[in-house]
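As structure tokens, the structure follows; a few thoughts come after it.
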Amino acid sequence: MSRTIRSLCEDYLRCRKLAEKTQCGYLQISGMFERDTRIRYCDEVTLESVLAWREQVLGRATTTTWNTYLRHMRAIFNLAVRTGQLESNPFLEVDLVRTAKKRKKVIDDEAIRFYRRALEQEPCGWFWWCVTLTFYYTGMRRRQLAGLRWKDLDLEAGTVLLRSETSKNLRQWTIPVLPPLAKELGSLRKKTRAVAGHGYLVDGQIFNITLFNHAYRGDHLTAEQISCFYQRLKNKHGHKHLISPHRFRHRFATELVRRAPVRYVQELLGHTS
């Protein structure tokens, strides 16, 4: 009996060591294919059905989104071919759609100065300025920042550990903490100790807004709350430039690549290629 697309996707994920968010992406895309095409079994997928799905997707999404969907489905069905469940992969017969390459969006000095002044008017603005400086000086992802624990930070050595469970590719590595950021983090540590006690500094979250602003639900800061805060900040103050963790990441990479070998930049950002 032919395998279902869902079960094939689950087999693929068992064979790969992928972050939880990435696994969810594969399941969502394969599930979307089933819902859009009403095809449940792998051997029912044809070139015509893939082409029809492409038209559906491009009718509601960008070419970049379609290319992402196609890459995921190619990978899943490649497993079926390698294990002898299918003779060929119909998703390989369809080309990626060319997209116009746009310059990566970065946040400029003017916007940083604007938001620095805006944060002075915000509740716990000092906290969010420390978050902002961390993105600015490290280029880490929001999930990595939310996952930082005090035990990961060594202010004397000037380093912080980015742990595998919060990294996109499940890698773990250490990055430098420059003096301006170390100063802000030292101040945050003192304020955290004052409200949570010394014991919290062992395994507690570094950036825990709930300790200082009880308007936040839960007992820790999440990656989604970080994005929502910056979006609210822009909506409230109406600056022309969107401020976001990923724009700081692009800024970090752009500035660093002018001063350091590409290989070093790759290692700091945690890219596998």
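Chains: A, B, ... in order of the structure tokens. Residues: from 1 per chain. Ligands: from 1, in order shown.
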What's the 9 Å shell around Val131 (chain A), counting only C-alpha atoms, without same-chain residues fewer than 6 positions away, as a PDB file with C-alpha atoms, in the first residue's frame?
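Full text of result.pdb as output:
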```pdb
ATOM      1  CA  LEU A 145      18.425  35.973  22.676  1.00  0.00           C
ATOM      2  CA  PHE A 207      16.336  38.923  29.309  1.00  0.00           C
ATOM      3  CA  ILE A 226      10.377  40.557  21.195  1.00  0.00           C
TER       4      ILE A 226
END
```
Exercise. Please run DSSP on the backbone and report, as a VMD selection string, all residues within region 32-193 of chain A that come out as strand (DSSP E).
Key: chain A and resid 153 to 154 159 to 162 173 to 176
With N, CA and C atoms retained, export the selected residues as a compact mmCIF listing (two decimals), in the first residue's frame.
```txt
# COMPACT_ATOMS: atom_id res chain seq x y z
N LEU A 153 26.66 33.42 30.11
CA LEU A 153 27.39 34.68 29.97
C LEU A 153 28.61 34.71 30.89
N ASP A 154 29.76 35.04 30.31
CA ASP A 154 31.00 35.21 31.08
C ASP A 154 31.50 36.63 30.81
N THR A 159 32.47 36.75 26.78
CA THR A 159 31.88 35.79 25.84
C THR A 159 30.48 35.40 26.29
N VAL A 160 29.71 34.91 25.35
CA VAL A 160 28.40 34.35 25.67
C VAL A 160 28.20 33.12 24.80
N LEU A 161 27.61 32.10 25.38
CA LEU A 161 27.38 30.83 24.68
C LEU A 161 26.00 30.83 24.05
N LEU A 162 25.95 30.53 22.74
CA LEU A 162 24.68 30.33 22.05
C LEU A 162 24.44 28.83 21.99
N TRP A 173 27.86 27.44 19.80
CA TRP A 173 29.13 28.14 19.67
C TRP A 173 29.16 29.36 20.57
N THR A 174 30.36 29.90 20.77
CA THR A 174 30.57 31.04 21.65
C THR A 174 30.91 32.26 20.81
N ILE A 175 30.36 33.41 21.19
CA ILE A 175 30.64 34.66 20.49
C ILE A 175 31.14 35.70 21.48
N PRO A 176 31.88 36.70 21.00
CA PRO A 176 32.40 37.73 21.91
C PRO A 176 31.34 38.73 22.35
```
Contact table region 112-156 of chain A vs region 252-266 of chain A, cut-off 7 Å, shortest pair per residue, only C-alpha atoms, as a tab-separated table:
```
residue	atom	partner	partner_atom	distance
A:Tyr136	CA	A:Phe252	CA	6.4
A:Tyr137	CA	A:Phe252	CA	6.9
A:Gly139	CA	A:Phe252	CA	5.3
```
Exercise. Would you please extract all alpha helix (DSSP H) residues from region 79-269 of chain A, as assigned by DSSP on the backbone, and give them as a ChimeraX atom specification?
Key: /A:79-82,109-119,125-138,142-146,179-196,200-203,223-237,245-257,262-269
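Interatomic distance, CA of Glu122 (chain A) to CA of Glu184 (chain A): 17.5 Å.
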Practice problem: Tell me which of A:Phe229, A:Tyr69, A:Trp150, A:Tyr216 sits closest to Gly199 (chain A), counting only C-alpha atoms. | Solution: A:Trp150
Quiz prompt | Counting only C-alpha atoms, the residue of A:Thr68, A:Asn208, A:Gln121, A:Ser167 that sits nearest Arg149 (chain A) | solution = A:Asn208
Practice problem: For Gln172 (chain A), list every protein, DNA or RNA residue within 12 Å, evaluated using only C-alpha atoms, and leave out those in the same chain fewer than 4 positions away; present the list as JSON, numbers by chain. | Solution: {"A": [144, 152, 160, 161, 162, 163, 164, 165, 166, 167, 168, 267, 268, 269, 270, 271, 272]}
Dump as a CSV table (one decimal), in the first residue's frame, selection limited to all heavy atoms:
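Output (result27.csv):
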```
chain,number,residue,atom,x,y,z
A,144,GLN,N,17.6,33.0,19.9
A,144,GLN,CA,18.8,32.8,20.7
A,144,GLN,C,18.8,33.8,21.8
A,144,GLN,O,19.2,33.4,22.9
A,144,GLN,CB,20.0,33.0,19.7
A,144,GLN,CG,20.1,31.9,18.7
A,144,GLN,CD,21.2,32.2,17.7
A,144,GLN,OE1,21.3,33.3,17.2
A,144,GLN,NE2,22.0,31.2,17.4
A,152,ASP,N,25.2,31.2,30.7
A,152,ASP,CA,25.8,31.2,29.4
A,152,ASP,C,26.8,32.4,29.2
A,152,ASP,O,27.6,32.5,28.3
A,152,ASP,CB,24.8,31.3,28.3
A,152,ASP,CG,23.8,30.2,28.3
A,152,ASP,OD1,24.2,29.1,28.7
A,152,ASP,OD2,22.6,30.4,28.0
A,160,VAL,N,29.7,34.9,25.4
A,160,VAL,CA,28.4,34.3,25.7
A,160,VAL,C,28.2,33.1,24.8
A,160,VAL,O,28.6,33.1,23.6
A,160,VAL,CB,27.3,35.4,25.4
A,160,VAL,CG1,27.1,35.8,24.0
A,160,VAL,CG2,25.9,34.8,26.0
A,161,LEU,N,27.6,32.1,25.4
A,161,LEU,CA,27.4,30.8,24.7
A,161,LEU,C,26.0,30.8,24.0
A,161,LEU,O,25.0,31.1,24.7
A,161,LEU,CB,27.5,29.7,25.7
A,161,LEU,CG,27.2,28.3,25.1
A,161,LEU,CD1,28.2,27.8,24.1
A,161,LEU,CD2,27.0,27.3,26.3
A,162,LEU,N,26.0,30.5,22.7
A,162,LEU,CA,24.7,30.3,22.0
A,162,LEU,C,24.4,28.8,22.0
A,162,LEU,O,25.2,28.1,21.3
A,162,LEU,CB,24.7,30.9,20.6
A,162,LEU,CG,25.0,32.4,20.6
A,162,LEU,CD1,25.0,32.9,19.1
A,162,LEU,CD2,24.0,33.2,21.4
A,163,ARG,N,23.5,28.4,22.7
A,163,ARG,CA,23.2,26.9,22.9
A,163,ARG,C,22.5,26.3,21.7
A,163,ARG,O,21.8,27.0,21.0
A,163,ARG,CB,22.5,26.7,24.2
A,163,ARG,CG,23.3,26.9,25.4
A,163,ARG,CD,22.6,26.7,26.7
A,163,ARG,NE,21.6,27.8,26.9
A,163,ARG,CZ,20.3,27.6,26.9
A,163,ARG,NH1,19.8,26.4,26.7
A,163,ARG,NH2,19.4,28.6,27.2
A,164,SER,N,22.7,25.0,21.5
A,164,SER,CA,22.2,24.3,20.4
A,164,SER,C,20.7,24.3,20.3
A,164,SER,O,20.1,24.4,19.2
A,164,SER,CB,22.7,22.9,20.4
A,164,SER,OG,22.3,22.2,21.5
A,165,GLU,N,20.0,24.2,21.5
A,165,GLU,CA,18.6,24.1,21.5
A,165,GLU,C,17.9,25.4,21.0
A,165,GLU,O,16.7,25.3,20.7
A,165,GLU,CB,18.1,23.7,22.8
A,165,GLU,CG,18.5,24.5,24.0
A,165,GLU,CD,19.8,24.0,24.7
A,165,GLU,OE1,20.6,23.5,24.0
A,165,GLU,OE2,19.8,24.1,25.9
A,166,THR,N,18.6,26.5,21.0
A,166,THR,CA,18.0,27.7,20.5
A,166,THR,C,18.5,28.2,19.2
A,166,THR,O,18.1,29.2,18.7
A,166,THR,CB,18.2,28.9,21.5
A,166,THR,OG1,19.6,29.1,21.6
A,166,THR,CG2,17.7,28.5,22.9
A,167,SER,N,19.4,27.4,18.5
A,167,SER,CA,19.9,27.7,17.3
A,167,SER,C,19.2,27.1,16.1
A,167,SER,O,18.7,26.0,16.3
A,167,SER,CB,21.4,27.3,17.2
A,167,SER,OG,22.1,28.0,18.2
A,168,LYS,N,19.2,27.7,15.0
A,168,LYS,CA,18.4,27.3,13.8
A,168,LYS,C,18.9,25.9,13.3
A,168,LYS,O,18.1,25.0,12.9
A,168,LYS,CB,18.4,28.3,12.7
A,168,LYS,CG,17.6,28.0,11.5
A,168,LYS,CD,17.6,29.1,10.5
A,168,LYS,CE,16.7,28.9,9.4
A,168,LYS,NZ,16.7,30.0,8.4
A,267,GLU,N,31.2,32.1,10.9
A,267,GLU,CA,31.2,31.4,12.2
A,267,GLU,C,30.4,32.2,13.3
A,267,GLU,O,29.7,31.6,14.1
A,267,GLU,CB,32.7,31.2,12.6
A,267,GLU,CG,33.4,30.2,11.8
A,267,GLU,CD,34.9,30.1,12.1
A,267,GLU,OE1,35.3,30.9,13.0
A,267,GLU,OE2,35.6,29.2,11.6
A,268,LEU,N,30.6,33.5,13.3
A,268,LEU,CA,29.9,34.3,14.3
A,268,LEU,C,28.3,34.2,14.1
A,268,LEU,O,27.6,34.2,15.1
A,268,LEU,CB,30.3,35.8,14.2
A,268,LEU,CG,31.6,36.1,14.9
A,268,LEU,CD1,31.8,37.6,14.8
A,268,LEU,CD2,31.7,35.6,16.3
A,269,LEU,N,27.9,34.2,12.8
A,269,LEU,CA,26.5,34.1,12.6
A,269,LEU,C,25.9,32.7,12.7
A,269,LEU,O,24.7,32.5,12.8
A,269,LEU,CB,26.2,34.7,11.2
A,269,LEU,CG,26.4,36.2,11.0
A,269,LEU,CD1,26.3,36.5,9.5
A,269,LEU,CD2,25.5,37.0,11.8
A,270,GLY,N,26.8,31.7,12.7
A,270,GLY,CA,26.3,30.4,12.9
A,270,GLY,C,25.8,29.7,11.6
A,270,GLY,O,25.0,28.8,11.6
A,271,HIS,N,26.3,30.2,10.5
A,271,HIS,CA,25.9,29.7,9.2
A,271,HIS,C,26.7,28.4,8.8
A,271,HIS,O,27.9,28.4,9.1
A,271,HIS,CB,26.0,30.7,8.1
A,271,HIS,CG,25.0,31.8,8.1
A,271,HIS,ND1,25.1,33.0,7.4
A,271,HIS,CD2,23.8,31.9,8.8
A,271,HIS,CE1,24.1,33.8,7.6
A,271,HIS,NE2,23.3,33.1,8.5
A,272,THR,N,26.1,27.4,8.3
A,272,THR,CA,26.8,26.3,7.9
A,272,THR,C,27.5,26.5,6.5
A,272,THR,O,28.4,25.7,6.2
A,272,THR,CB,25.9,25.1,7.8
A,272,THR,OG1,24.8,25.4,6.9
A,272,THR,CG2,25.3,24.7,9.1
```
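Taking CA of Leu47 (chain A) as the reference point, CA of Ser30 (chain A) is found at 16.0 Å.
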Quiz prompt | Contacts of region 90-98 of chain A at 12 Å (only C-alpha atoms; same-chain gap of 2+ positions) as number ranges by chain | solution = A: 33, 42-55, 57-58, 62-78, 80-81, 86-88, 100-101
Exercise. Write out as an NGL selection string the residues lying within 9 Å of Gln231 (chain A), counting only C-alpha atoms and excluding same-chain residues fewer than 3 positions away.
Key: :A and (226-228 or 234-236 or 242-244)
I need the chosen residues saved as a PDB file, in the first residue's frame, with C-alpha atoms.
```pdb
ATOM      1  CA  ILE A 226      10.377  40.557  21.195  1.00  0.00           C
ATOM      2  CA  SER A 227       9.001  40.993  17.674  1.00  0.00           C
ATOM      3  CA  CYS A 228       5.695  42.356  18.998  1.00  0.00           C
ATOM      4  CA  LYS A 234       7.284  51.502  15.304  1.00  0.00           C
ATOM      5  CA  ASN A 235       3.492  51.817  15.229  1.00  0.00           C
ATOM      6  CA  LYS A 236       3.529  54.146  18.203  1.00  0.00           C
ATOM      7  CA  LEU A 242      11.072  49.156  10.761  1.00  0.00           C
ATOM      8  CA  ILE A 243      13.174  48.021  13.684  1.00  0.00           C
ATOM      9  CA  SER A 244      13.521  44.258  14.076  1.00  0.00           C
TER      10      SER A 244
END
```
Quiz item: Which residues, written as a VMD selection string, have at least one atom at most 9 Å from Arg6 (chain A), with only C-alpha atoms counted and residues fewer than 5 positions away on the same chain left out?
Solution: chain A and resid 11 27 30 to 31 34 40 to 41
Keeping only C-alpha atoms, write the selected residues as a PDB file, in the first residue's frame.
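Listing of part15.pdb after writing:
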```
ATOM      1  CA  ASP A  11      10.024   9.533   8.239  1.00  0.00           C
ATOM      2  CA  LEU A  27       4.797  19.302   8.404  1.00  0.00           C
ATOM      3  CA  SER A  30       3.375  18.902   3.270  1.00  0.00           C
ATOM      4  CA  GLY A  31      -0.013  19.263   4.944  1.00  0.00           C
ATOM      5  CA  GLU A  34      -2.463  17.614   0.758  1.00  0.00           C
ATOM      6  CA  ARG A  40      -3.024  11.978   0.198  1.00  0.00           C
ATOM      7  CA  TYR A  41      -0.752   9.251  -1.129  1.00  0.00           C
TER       8      TYR A  41
END
```
Quiz item: CA of Asp109 (chain A) and CA of Arg251 (chain A) are how many Å apart?
Solution: 10.1 Å
